[in-house]
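Shown next: coords14.txt, containing compact mmCIF, C-alpha atoms and all ligand atoms.
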# COMPACT_ATOMS: atom_id res chain seq x y z
CA MET A 1 170.36 95.54 333.00
CA GLN A 2 170.48 91.73 333.41
CA ARG A 3 166.88 90.94 334.26
CA LEU A 4 167.53 87.33 335.25
CA ASN A 5 170.59 87.93 337.37
CA GLY A 6 171.47 84.62 339.08
CA ARG A 7 168.10 83.00 338.36
CA ARG A 8 168.33 79.28 337.62
CA VAL A 9 166.46 78.21 334.52
CA LEU A 10 166.07 74.56 333.62
CA LEU A 11 165.54 74.63 329.86
CA GLY A 12 163.84 71.48 328.58
CA ILE A 13 164.08 70.69 324.87
CA THR A 14 161.81 68.08 323.29
CA ALA A 15 161.93 66.57 319.80
CA GLY A 16 160.31 69.16 317.57
CA ILE A 17 161.70 70.94 314.51
CA ALA A 18 161.73 74.19 316.54
CA ALA A 19 164.45 72.63 318.75
CA TYR A 20 167.05 74.54 316.71
CA LYS A 21 165.51 77.78 318.04
CA ALA A 22 166.11 76.59 321.62
CA VAL A 23 169.79 77.50 321.14
CA GLU A 24 168.76 81.13 320.72
CA VAL A 25 166.41 80.89 323.73
CA ALA A 26 169.33 79.58 325.83
CA ARG A 27 171.64 82.33 324.51
CA LEU A 28 169.16 85.10 325.35
CA LEU A 29 168.57 83.76 328.87
CA VAL A 30 172.31 83.53 329.53
CA LYS A 31 172.72 87.08 328.18
CA ASP A 32 170.06 88.22 330.66
CA GLY A 33 172.14 86.80 333.54
CA ALA A 34 170.43 83.42 334.06
CA GLU A 35 172.18 80.16 334.86
CA VAL A 36 170.79 77.76 332.28
CA GLN A 37 170.83 73.97 332.57
CA VAL A 38 169.61 72.23 329.44
CA VAL A 39 167.79 68.90 329.71
CA MET A 40 166.89 67.21 326.41
CA THR A 41 164.60 64.29 325.77
CA PRO A 42 166.54 61.47 324.08
CA ALA A 43 164.88 62.14 320.68
CA ALA A 44 165.60 65.90 320.80
CA ALA A 45 169.26 65.12 320.05
CA SER A 46 168.13 64.15 316.51
CA PHE A 47 167.28 67.82 315.93
CA ILE A 48 170.03 69.67 317.76
CA GLY A 49 173.48 68.75 319.08
CA PRO A 50 174.01 68.81 322.85
CA LEU A 51 177.51 70.23 322.32
CA THR A 52 176.05 73.42 320.81
CA LEU A 53 173.91 73.93 323.90
CA GLN A 54 176.82 73.14 326.19
CA ALA A 55 178.87 75.80 324.44
CA VAL A 56 176.10 78.39 324.81
CA THR A 57 175.24 77.65 328.46
CA GLY A 58 178.62 76.53 329.78
CA ARG A 59 177.03 73.42 331.30
CA PRO A 60 176.96 69.85 330.00
CA VAL A 61 173.51 68.89 328.73
CA ARG A 62 171.59 66.26 330.73
CA ASP A 63 169.57 63.76 328.72
CA THR A 64 169.32 60.45 330.55
CA LEU A 65 167.65 59.52 333.79
CA PHE A 66 170.02 56.72 334.69
CA ASP A 67 173.42 58.28 334.08
CA PRO A 68 175.67 57.20 336.99
CA GLN A 69 178.23 59.95 336.35
CA HIS A 70 175.72 62.82 336.29
CA GLU A 71 173.58 61.34 339.05
CA ALA A 72 176.66 61.23 341.29
CA ALA A 73 177.38 64.94 340.65
CA MET A 74 173.78 66.26 340.85
CA GLY A 75 171.00 63.69 341.10
CA HIS A 76 167.71 64.30 339.30
CA ILE A 77 165.88 65.28 342.49
CA GLU A 78 168.64 67.72 343.35
CA LEU A 79 168.40 69.11 339.81
CA ALA A 80 164.63 69.53 340.24
CA ARG A 81 165.31 71.51 343.44
CA TRP A 82 168.08 73.55 341.81
CA ALA A 83 165.76 75.27 339.35
CA ASP A 84 163.88 78.53 340.01
CA VAL A 85 161.77 77.87 336.95
CA ILE A 86 161.38 75.16 334.29
CA LEU A 87 160.88 76.25 330.69
CA VAL A 88 160.24 73.62 328.03
CA ALA A 89 160.80 75.05 324.54
CA PRO A 90 159.80 73.48 322.26
CA ALA A 91 157.16 71.34 323.99
CA THR A 92 155.78 68.75 321.57
CA ALA A 93 152.22 67.35 321.57
CA ASP A 94 153.63 64.07 322.89
CA PHE A 95 155.39 65.84 325.77
CA LEU A 96 152.21 67.76 326.73
CA ALA A 97 150.32 64.44 326.78
CA ARG A 98 152.94 62.76 328.94
CA LEU A 99 152.97 65.70 331.37
CA ALA A 100 149.17 65.74 331.55
CA VAL A 101 149.07 62.14 332.78
CA GLY A 102 152.11 62.56 335.04
CA MET A 103 154.52 60.20 333.24
CA ALA A 104 158.09 60.13 334.48
CA ASP A 105 159.78 57.87 331.94
CA ASP A 106 162.65 60.14 330.96
CA LEU A 107 164.74 62.75 332.75
CA LEU A 108 162.76 65.82 331.62
CA SER A 109 159.29 64.47 332.49
CA THR A 110 160.65 63.21 335.82
CA LEU A 111 162.04 66.66 336.63
CA CYS A 112 158.72 68.32 335.75
CA LEU A 113 156.94 65.90 338.09
CA ALA A 114 159.48 66.22 340.91
CA SER A 115 159.75 70.00 340.90
CA THR A 116 157.49 72.45 342.74
CA VAL A 117 158.63 75.54 340.81
CA ARG A 118 156.75 77.29 338.03
CA LEU A 119 156.50 75.33 334.78
CA LEU A 120 156.39 77.21 331.47
CA LEU A 121 155.71 75.44 328.18
CA ALA A 122 156.24 76.80 324.68
CA PRO A 123 154.27 74.36 322.50
CA SER A 124 155.39 73.55 318.99
CA MET A 125 153.52 71.22 316.67
CA ASN A 126 151.55 70.90 313.47
CA GLN A 127 148.31 72.90 313.46
CA ALA A 128 146.10 69.78 313.25
CA MET A 129 147.89 68.25 316.23
CA TRP A 130 147.38 71.48 318.21
CA ARG A 131 143.69 71.56 317.29
CA ASN A 132 143.16 67.87 318.08
CA ALA A 133 140.72 67.24 320.94
CA ALA A 134 143.30 65.15 322.80
CA THR A 135 145.82 68.01 322.79
CA ARG A 136 143.10 70.54 323.74
CA SER A 137 142.15 68.44 326.76
CA ASN A 138 145.80 67.93 327.80
CA VAL A 139 146.46 71.67 327.59
CA GLU A 140 143.32 72.42 329.60
CA GLN A 141 144.41 70.04 332.34
CA LEU A 142 147.92 71.43 332.48
CA VAL A 143 146.70 75.03 332.67
CA SER A 144 144.19 74.15 335.39
CA ARG A 145 147.11 72.79 337.45
CA GLY A 146 148.97 76.09 337.21
CA THR A 147 151.22 75.45 334.20
CA THR A 148 151.88 78.57 332.09
CA LEU A 149 151.62 78.28 328.32
CA LEU A 150 153.73 80.60 326.17
CA GLY A 151 152.10 80.58 322.74
CA PRO A 152 151.89 78.87 320.37
CA ASP A 153 152.03 81.35 317.53
CA ASP A 154 149.88 81.26 314.43
CA GLY A 155 151.48 81.18 310.98
CA GLU A 156 153.47 79.24 308.45
CA GLN A 157 154.72 75.85 309.63
CA ALA A 158 157.76 73.76 308.72
CA CYS A 159 155.46 71.08 307.19
CA GLY A 160 153.89 73.63 304.79
CA ASP A 161 150.61 74.08 306.75
CA THR A 162 149.45 77.41 308.08
CA GLY A 163 147.74 77.76 311.47
CA PRO A 164 148.33 77.68 315.23
CA GLY A 165 151.21 75.57 316.54
CA ARG A 166 154.41 77.49 315.70
CA MET A 167 156.72 77.99 318.66
CA LEU A 168 156.95 81.64 319.74
CA GLU A 169 160.12 83.37 318.57
CA PRO A 170 163.03 83.12 321.08
CA PRO A 171 163.07 86.86 322.05
CA VAL A 172 159.33 86.65 322.86
CA ILE A 173 159.88 83.56 325.02
CA ALA A 174 162.86 85.11 326.80
CA SER A 175 160.92 88.34 327.47
CA ALA A 176 157.91 86.44 328.80
CA LEU A 177 160.16 84.53 331.19
CA CYS A 178 161.82 87.77 332.38
CA ASP A 179 158.40 89.38 332.94
CA LEU A 180 157.15 86.38 334.90
CA LEU A 181 160.24 86.09 337.10
CA GLY A 182 160.68 89.83 337.48
CA ALA A 183 157.05 90.51 338.31
CA GLY A 184 157.18 89.11 341.86
CA ARG A 185 155.39 90.87 344.70
CA LEU A 186 158.71 91.51 346.46
CA THR A 187 160.86 92.44 343.48
CA GLY A 188 163.61 94.83 344.56
CA ARG A 189 163.02 94.18 348.30
CA ARG A 190 165.79 92.82 350.46
CA VAL A 191 164.66 90.15 352.93
CA VAL A 192 166.87 88.75 355.69
CA LEU A 193 165.74 85.40 357.02
CA THR A 194 167.09 83.14 359.77
CA ALA A 195 166.51 79.38 359.69
CA GLY A 196 167.47 76.13 361.36
CA PRO A 197 168.82 75.47 364.85
CA THR A 198 171.78 77.00 366.64
CA ARG A 199 174.55 75.03 368.31
CA GLU A 200 175.97 76.25 371.59
CA ALA A 201 179.38 74.70 372.16
CA LEU A 202 180.19 72.99 375.46
CA ASP A 203 183.66 71.85 374.45
CA PRO A 204 185.44 71.17 371.12
CA VAL A 205 183.17 68.18 370.34
CA ARG A 206 179.85 68.75 372.17
CA PHE A 207 177.09 71.28 371.90
CA LEU A 208 173.57 72.11 373.10
CA GLY A 209 171.18 72.10 370.15
CA ASN A 210 167.59 71.48 369.12
CA ARG A 211 165.59 69.47 366.60
CA SER A 212 164.91 72.22 364.03
CA SER A 213 165.51 70.88 360.49
CA GLY A 214 165.44 74.28 358.76
CA LYS A 215 162.80 73.01 356.28
CA MET A 216 160.30 75.80 356.96
CA GLY A 217 162.95 78.52 356.70
CA PHE A 218 164.45 77.10 353.50
CA ALA A 219 160.98 76.74 351.95
CA LEU A 220 160.34 80.38 352.87
CA ALA A 221 163.64 81.47 351.30
CA GLN A 222 162.64 79.74 348.06
CA ALA A 223 159.12 81.26 348.13
CA LEU A 224 160.56 84.75 348.79
CA ALA A 225 163.03 84.41 345.90
CA ALA A 226 160.18 83.23 343.66
CA GLN A 227 158.46 86.55 344.47
CA GLY A 228 161.55 88.41 343.29
CA ALA A 229 163.01 89.29 346.72
CA GLU A 230 166.76 89.58 347.25
CA VAL A 231 167.04 86.92 349.94
CA VAL A 232 169.79 86.57 352.54
CA LEU A 233 169.34 83.27 354.34
CA ILE A 234 171.25 82.99 357.60
CA SER A 235 171.22 79.36 358.56
CA GLY A 236 172.27 77.26 361.49
CA PRO A 237 173.67 73.77 360.77
CA VAL A 238 171.18 71.91 358.54
CA ALA A 239 171.40 69.26 355.82
CA LEU A 240 169.54 71.15 353.10
CA PRO A 241 170.58 72.48 349.68
CA THR A 242 170.51 76.25 349.15
CA PRO A 243 167.45 77.34 347.15
CA GLY A 244 168.19 79.03 343.81
CA ALA A 245 168.90 82.80 343.74
CA VAL A 246 169.34 82.91 347.53
CA ARG A 247 172.50 84.13 349.32
CA ARG A 248 173.25 81.82 352.23
CA ILE A 249 175.39 82.57 355.25
CA ASP A 250 176.14 79.57 357.48
CA VAL A 251 176.51 80.08 361.22
CA GLU A 252 176.60 77.84 364.29
CA SER A 253 175.82 79.73 367.49
CA ALA A 254 173.16 82.32 368.40
CA GLU A 255 175.86 84.96 368.78
CA GLN A 256 177.22 84.23 365.30
CA MET A 257 173.65 84.36 363.96
CA ARG A 258 173.11 87.73 365.63
CA ASP A 259 176.34 89.12 364.09
CA ALA A 260 175.38 87.84 360.61
CA VAL A 261 171.89 89.36 360.94
CA PHE A 262 173.18 92.78 361.97
CA THR A 263 175.84 92.77 359.23
CA SER A 264 173.14 91.93 356.64
CA LEU A 265 170.55 94.40 357.93
CA PRO A 266 171.31 97.65 356.05
CA ASP A 267 168.65 98.32 353.37
CA THR A 268 166.57 95.36 354.54
CA ALA A 269 162.81 95.76 354.06
CA ILE A 270 161.69 92.60 355.85
CA PHE A 271 163.28 90.50 358.60
CA ILE A 272 161.89 87.00 359.16
CA SER A 273 163.11 85.10 362.18
CA CYS A 274 162.35 81.45 361.52
CA ALA A 275 165.38 80.00 363.33
CA ALA A 276 165.01 78.01 366.53
CA VAL A 277 167.59 80.09 368.40
CA ALA A 278 168.85 78.53 371.62
CA ASP A 279 167.64 80.65 374.53
CA PHE A 280 170.73 79.81 376.60
CA ARG A 281 174.38 78.97 376.00
CA PRO A 282 177.01 77.55 378.33
CA CYS A 283 178.73 80.28 380.40
CA GLU A 284 182.03 78.95 379.18
CA THR A 285 183.13 76.75 376.29
CA ARG A 286 185.82 74.44 377.61
CA ALA A 287 188.98 74.46 375.52
CA LYS A 288 189.45 70.71 376.06
CA LYS A 289 186.96 67.83 375.93
CA ILE A 290 185.08 67.45 379.24
CA LYS A 291 186.15 64.17 380.89
CA LYS A 292 183.72 61.84 382.64
CA THR A 293 185.71 61.73 385.88
CA GLN A 294 182.81 62.86 388.07
CA GLU A 295 179.32 61.39 388.73
CA ASN A 296 177.46 64.67 388.22
CA LEU A 297 178.15 67.51 385.88
CA THR A 298 176.53 70.88 386.43
CA LEU A 299 176.37 73.25 383.48
CA GLU A 300 175.90 76.92 384.05
CA LEU A 301 174.00 78.63 381.25
CA VAL A 302 173.60 82.26 380.31
CA ARG A 303 170.82 83.90 378.25
CA ASN A 304 171.47 84.32 374.55
CA PRO A 305 170.65 87.58 372.79
CA ASP A 306 167.06 87.75 371.53
CA ILE A 307 167.94 88.49 367.91
CA LEU A 308 164.40 89.25 366.78
CA GLY A 309 163.73 91.41 369.86
CA GLU A 310 166.90 93.43 369.17
CA VAL A 311 166.09 93.95 365.49
CA SER A 312 162.53 94.95 366.32
CA ALA A 313 163.77 97.51 368.88
CA LEU A 314 165.96 99.35 366.35
CA PRO A 315 164.88 102.94 365.62
CA ARG A 316 164.99 102.33 361.84
CA ARG A 317 163.75 98.79 361.64
CA PRO A 318 162.53 96.45 358.92
CA PHE A 319 159.05 94.86 358.88
CA CYS A 320 159.52 92.09 361.46
CA VAL A 321 158.02 88.60 361.30
CA GLY A 322 158.54 86.08 364.11
CA PHE A 323 157.67 82.45 364.66
CA ALA A 324 156.29 80.82 367.76
CA ALA A 325 156.19 77.12 368.51
CA GLU A 326 153.66 76.34 371.20
CA THR A 327 152.26 73.14 372.67
CA GLU A 328 149.01 74.70 373.99
CA ASP A 329 146.91 77.88 373.77
CA VAL A 330 148.66 78.76 370.51
CA ALA A 331 146.70 81.91 369.64
CA ALA A 332 146.92 83.55 373.07
CA TYR A 333 150.65 82.86 373.61
CA ALA A 334 151.53 83.88 370.06
CA GLU A 335 149.69 87.21 370.27
CA GLN A 336 151.33 87.87 373.64
CA LYS A 337 154.74 87.18 372.05
CA ARG A 338 153.96 89.38 369.04
CA ARG A 339 153.13 92.33 371.28
CA ALA A 340 156.02 91.74 373.68
CA LYS A 341 158.54 91.70 370.81
CA GLY A 342 156.78 94.50 368.90
CA LEU A 343 156.36 92.48 365.70
CA GLU A 344 154.23 93.27 362.66
CA MET A 345 153.42 89.59 362.29
CA ILE A 346 153.85 86.24 364.00
CA ALA A 347 153.40 82.74 362.58
CA ALA A 348 152.54 80.22 365.25
CA ASN A 349 152.47 76.46 365.07
CA GLN A 350 151.25 73.85 367.45
CA VAL A 351 154.11 71.45 367.97
CA SER A 352 153.12 67.79 367.82
CA ALA A 353 154.69 64.56 366.58
CA SER A 354 153.26 64.94 363.05
CA SER A 355 153.39 68.69 362.57
CA GLY A 356 155.96 71.36 363.34
CA ILE A 357 159.58 70.62 364.09
CA GLU A 358 161.54 68.18 361.87
CA THR A 359 158.48 67.28 359.75
CA ASP A 360 157.67 68.00 356.07
CA ASP A 361 154.15 69.23 356.90
CA ASN A 362 153.01 72.06 359.07
CA ALA A 363 150.01 74.25 359.87
CA LEU A 364 150.27 77.88 360.92
CA LEU A 365 148.17 80.50 362.63
CA VAL A 366 149.35 83.87 361.33
CA ILE A 367 148.54 86.88 363.50
CA TRP A 368 149.04 90.58 362.81
CA ASP A 369 147.69 93.80 364.31
CA GLY A 370 143.95 93.58 363.68
CA GLY A 371 143.80 90.26 361.86
CA ARG A 372 144.66 86.60 361.75
CA GLN A 373 144.55 83.72 359.30
CA ALA A 374 144.88 79.98 359.81
CA LEU A 375 146.89 78.18 357.11
CA SER A 376 145.88 74.53 357.01
CA ARG A 377 148.23 71.58 357.41
CA GLN A 378 150.18 70.98 354.18
CA PRO A 379 153.74 70.55 352.89
CA LYS A 380 156.02 73.34 354.12
CA THR A 381 156.85 74.32 350.50
CA ARG A 382 153.20 75.21 349.80
CA LEU A 383 152.66 76.73 353.21
CA ALA A 384 155.68 78.98 352.64
CA ALA A 385 154.18 80.41 349.42
CA GLN A 386 150.95 81.27 351.28
CA LEU A 387 152.82 82.83 354.18
CA VAL A 388 154.91 84.95 351.78
CA ASP A 389 151.64 86.17 350.22
CA LEU A 390 150.34 87.23 353.64
CA ILE A 391 153.63 88.93 354.49
CA ALA A 392 153.54 90.81 351.16
CA ASP A 393 149.90 91.87 351.85
CA ARG A 394 150.75 93.31 355.28
CA PHE A 395 154.02 94.82 354.06
CA ASP A 396 152.22 96.53 351.15
CA ALA A 397 149.51 97.82 353.53
CA GLN A 398 152.15 99.26 355.89
CA THR A 399 154.10 100.85 353.03
CA ALA A 400 150.89 102.40 351.65
CA THR A 401 150.03 103.89 355.09
CA LYS A 402 153.56 105.32 355.49
CA ASP A 403 153.46 106.84 351.98
CA SER A 404 150.02 108.49 352.43
O1 LIG B 1 160.95 84.17 372.62
P1 LIG B 1 160.67 83.00 371.75
O2 LIG B 1 161.85 82.10 371.56
O3 LIG B 1 159.47 82.21 372.10
O4 LIG B 1 160.32 83.68 370.32
C1 LIG B 1 160.38 83.00 369.14
C2 LIG B 1 160.81 83.95 368.03
O5 LIG B 1 161.95 84.71 368.44
C3 LIG B 1 161.24 83.22 366.79
O6 LIG B 1 160.91 84.03 365.68
C4 LIG B 1 162.75 83.09 366.97
O7 LIG B 1 163.39 82.98 365.73
C5 LIG B 1 163.10 84.38 367.67
N1 LIG B 1 164.22 84.28 368.63
C6 LIG B 1 165.38 85.02 368.41
N2 LIG B 1 166.40 84.96 369.31
C7 LIG B 1 166.33 84.19 370.41
C8 LIG B 1 165.15 83.44 370.63
C9 LIG B 1 164.14 83.50 369.73
O8 LIG B 1 165.47 85.73 367.40
N3 LIG B 1 167.32 84.15 371.26

What does this structure look like when you write it as structure tokens?
Ligand code: C5P
Amino acid sequence: MQRLNGRRVLLGITAGIAAYKAVEVARLLVKDGAEVQVVMTPAAASFIGPLTLQAVTGRPVRDTLFDPQHEAAMGHIELARWADVILVAPATADFLARLAVGMADDLLSTLCLASTVRLLLAPSMNQAMWRNAATRSNVEQLVSRGTTLLGPDDGEQACGDTGPGRMLEPPVIASALCDLLGAGRLTGRRVVLTAGPTREALDPVRFLGNRSSGKMGFALAQALAAQGAEVVLISGPVALPTPGAVRRIDVESAEQMRDAVFTSLPDTAIFISCAAVADFRPCETRAKKIKKTQENLTLELVRNPDILGEVSALPRRPFCVGFAAETEDVAAYAEQKRRAKGLEMIAANQVSASSGIETDDNALLVIWDGGRQALSRQPKTRLAAQLVDLIADRFDAQTATKDS
């Protein structure tokens, strides 16, 4: 079994003697099904040739921040978003220190700072450097911020010393990464998720739409994948990159979204409807561009299918989560909507200029049968991880009740 099937690993290599072992780490990750992008610090190339790593991973190694050719293909911010996880092996004492103070003076440290995904470090250094108070304090800081340390090992060192500071052996590092990525709360669960706006065509060039950016839905897709779910993201037109390890289906109209949802539904454990689906569409889509020959134009609209309502009404249905955007009385309207649509859970937001639609930040009131929790205003990426935790809690509770 390929335990890392389709997962995107950014493998950072810094300038330590254990850099030669990074080739084996890369090989094992690729063998386990991962897509591996190597990023080296400039000095790491003194220890190991980029061509070797390119041959093993099938991708050119990235090593400079200001490389016009690479930046044009996939800029460093895009690369930071591409990864499902960042693993730095070996991570030198100098690199730990630079990470601890948040330096971004080369490509790898910039990526670590710009990325929101899990960061794993496999330290490698002389035992005295590892024991040094400065390194101890850097490690403490990094761990307190959520960084995961793999090792180091204790034993014989390249310099002749014996003690802690050896990089863990490549199979141990690869296994630890598989365990961490495979141990998500939703591993093996299929989740279908809608996101973004829909466009309802009036004629070949015009449509009725809305302001949804898709940011919340895409952040949720990433958070679900990080918990090991098999994610199908059905998205209306948005300008966002697809999160790693997520299958994306692009649609335009509500009817196309409905078709894509129902096609994707078999074996789905959880359905999350985050899209801002247009409630109405024009009765007819004109074949030719509407001309401005008249003073007034009357459009006749017809109701769109309520995708979430239809999924929730199925006899064999997934766990259903809806969203509600309200401008007032959020809790009361959201609970009413949850009951009316028969949902396990609803996430409601108060729409204002600074929070909700089109913004990077949001706050949510999550309501389920017998409970509720307010998630405070914060970036949608962090909010998504908290919402996924709540969904997993309720889903686990429902599964436990069904099984007992
Ligand atoms: O009914 P209302 O639009 O207020 O409900 C919002 C929830 O229903 C959201 O989760 C939205 O994605 C979903 N919805 C849908 N199909 C529609 C309208 C809304 O799935 N036509």

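Across the structure, CA of Gly188 in chain A and CA of Phe323 in chain A are spaced 24.3 Å apart.
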
If we count all atoms listed in the file, what is near Leu314 in chain A at a cut-off of 12 Å, once residues fewer than 2 positions away on the same chain are taken out, given as number ranges by chain? A: 262, 265-266, 307-312, 316-320, 341-343

Can those selected residues be exported to a file as an mmCIF file, in the frame of the given file so that it contains C-alpha atoms?
data_model
loop_
_atom_site.group_PDB
_atom_site.id
_atom_site.type_symbol
_atom_site.label_atom_id
_atom_site.label_comp_id
_atom_site.auth_asym_id
_atom_site.auth_seq_id
_atom_site.Cartn_x
_atom_site.Cartn_y
_atom_site.Cartn_z
ATOM 1 C CA PHE A 262 173.180 92.780 361.970
ATOM 2 C CA LEU A 265 170.550 94.400 357.930
ATOM 3 C CA PRO A 266 171.310 97.650 356.050
ATOM 4 C CA ILE A 307 167.940 88.490 367.910
ATOM 5 C CA LEU A 308 164.400 89.250 366.780
ATOM 6 C CA GLY A 309 163.730 91.410 369.860
ATOM 7 C CA GLU A 310 166.900 93.430 369.170
ATOM 8 C CA VAL A 311 166.090 93.950 365.490
ATOM 9 C CA SER A 312 162.530 94.950 366.320
ATOM 10 C CA ARG A 316 164.990 102.330 361.840
ATOM 11 C CA ARG A 317 163.750 98.790 361.640
ATOM 12 C CA PRO A 318 162.530 96.450 358.920
ATOM 13 C CA PHE A 319 159.050 94.860 358.880
ATOM 14 C CA CYS A 320 159.520 92.090 361.460
ATOM 15 C CA LYS A 341 158.540 91.700 370.810
ATOM 16 C CA GLY A 342 156.780 94.500 368.900
ATOM 17 C CA LEU A 343 156.360 92.480 365.700
#

Of A:Ala34, A:Ala287, A:Val351, A:Val238, the one sitting nearest Cys178 in chain A when using only C-alpha atoms is A:Ala34

Output the neighbourhood of ligand LIG 1 (chain B) as a ChimeraX atom specification, that is, all protein and nucleic acid residues with some atom at most 9 Å from the ligand, counting all atoms listed in the file. /A:194-195,254-255,257-258,272-280,303-311,321-326,333-334,337-338,341,346-347

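Considering the residues A:Gln54, A:Gln373, A:Ser124, A:Ser212 and counting only C-alpha atoms, Val30 in chain A has its shortest atom-to-atom contact with A:Gln54.
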
Applying 9 Å and all atoms listed in the file, which residues near range 169-175 of chain A remain after dropping the ones on its own chain fewer than 5 positions away? List them as a PDB file with C-alpha atoms, in the frame of the given file.
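Dumped to around_18.pdb:
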ATOM      1  CA  LYS A  21     165.510  77.780 318.040  1.00  0.00           C
ATOM      2  CA  ALA A  22     166.110  76.590 321.620  1.00  0.00           C
ATOM      3  CA  VAL A  23     169.790  77.500 321.140  1.00  0.00           C
ATOM      4  CA  GLU A  24     168.760  81.130 320.720  1.00  0.00           C
ATOM      5  CA  VAL A  25     166.410  80.890 323.730  1.00  0.00           C
ATOM      6  CA  ALA A  26     169.330  79.580 325.830  1.00  0.00           C
ATOM      7  CA  LEU A  28     169.160  85.100 325.350  1.00  0.00           C
ATOM      8  CA  LEU A  29     168.570  83.760 328.870  1.00  0.00           C
ATOM      9  CA  ASP A  32     170.060  88.220 330.660  1.00  0.00           C
ATOM     10  CA  ALA A  89     160.800  75.050 324.540  1.00  0.00           C
ATOM     11  CA  ALA A 122     156.240  76.800 324.680  1.00  0.00           C
ATOM     12  CA  LEU A 150     153.730  80.600 326.170  1.00  0.00           C
ATOM     13  CA  GLY A 151     152.100  80.580 322.740  1.00  0.00           C
ATOM     14  CA  ASP A 153     152.030  81.350 317.530  1.00  0.00           C
ATOM     15  CA  LEU A 180     157.150  86.380 334.900  1.00  0.00           C
TER      16      LEU A 180
END

Residues of range 36-62 of chain A that approach range 75-87 of chain A to 10 Å or less, counting only C-alpha atoms: could you list each one with the shortest pair of atoms and its distance in Å to one decimal, rows by chain and increasing residue number, as CSV?
residue,atom,partner,partner_atom,distance
A:Val36,CA,A:Ala83,CA,9.0
A:Gln37,CA,A:Ala83,CA,8.6
A:Val38,CA,A:Leu87,CA,9.7
A:Arg62,CA,A:His76,CA,9.6

Dump as a short mmCIF file (atom, residue, chain, number, x, y, z; two decimals), in the coordinates of the input, selection limited to C-alpha atoms:
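File written: out.cif
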data_model
loop_
_atom_site.label_atom_id
_atom_site.label_comp_id
_atom_site.auth_asym_id
_atom_site.auth_seq_id
_atom_site.Cartn_x
_atom_site.Cartn_y
_atom_site.Cartn_z
CA VAL A 36 170.79 77.76 332.28
CA GLN A 37 170.83 73.97 332.57
CA VAL A 38 169.61 72.23 329.44
CA ARG A 62 171.59 66.26 330.73
#

Residues within 9 Å of Leu181 in chain A, all atoms listed in the file, excluding chain neighbours under 3 positions, as a compact mmCIF listing (two decimals) with C-alpha atoms, in the frame of the given file:
# COMPACT_ATOMS: atom_id res chain seq x y z
CA ARG A 3 166.88 90.94 334.26
CA LEU A 4 167.53 87.33 335.25
CA ARG A 7 168.10 83.00 338.36
CA ASP A 84 163.88 78.53 340.01
CA VAL A 85 161.77 77.87 336.95
CA ALA A 176 157.91 86.44 328.80
CA LEU A 177 160.16 84.53 331.19
CA CYS A 178 161.82 87.77 332.38
CA GLY A 184 157.18 89.11 341.86
CA ALA A 226 160.18 83.23 343.66
CA GLN A 227 158.46 86.55 344.47
CA GLY A 228 161.55 88.41 343.29

Between A:Ala385, A:Met125, A:Leu65, A:Val101, which residue has the minimum interatomic distance to Leu224 in chain A, considering only C-alpha atoms? A:Ala385

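Going from CA of Ala15 in chain A to CA of Ala93 in chain A covers 9.9 Å.
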
Range 236-258 of chain A residues near range 207-211 of chain A within 10 Å, closest pair each, using all atoms listed in the file, as a tab-separated table:
residue	atom	partner	partner_atom	distance
A:Pro237	CA	A:Gly209	CA	9.8
A:Glu252	CA	A:Gly209	CA	9.8
A:Ser253	CA	A:Gly209	CA	9.3

Mind pulling up the distance from CA of Thr327 in chain A to CA of Ser352 in chain A? 7.3 Å

Tell me which protein, DNA and RNA residues are within 9 Å of Leu387 in chain A, counting only C-alpha atoms, leaving out same-chain ones fewer than 2 positions away, and put them as a list in words. Leu220, Ala223, Ala347, Leu364, Val366, Leu375, Arg382, Leu383, Ala384, Ala385, Asp389, Leu390, Ile391 and Ala392 of chain A

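The smallest atom-to-atom distance between Glu140 in chain A and any of A:Leu111, A:Ala97, A:Ala104, A:Leu51, using only C-alpha atoms, is found for A:Ala97.
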
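Counting all atoms listed in the file and comparing A:Ala374, A:Ala221, A:Leu108, A:Ile17, the residue that lies closest to Val330 in chain A is A:Ala374.
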
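For Ser264 in chain A, the set of protein, DNA and RNA residues having any atom at most 12 Å away, when counting all atoms listed in the file and skipping those fewer than 2 positions along the same chain, is Arg190, Val191, Val192, Leu193, Thr194, Glu230, Val231, Val232, Leu233, Ile234, Arg247, Arg248, Ile249, Met257, Arg258, Asp259, Ala260, Val261, Phe262, Pro266, Asp267, Thr268, Ala269, Ile270, Phe271, Val311 and Pro318 of chain A.
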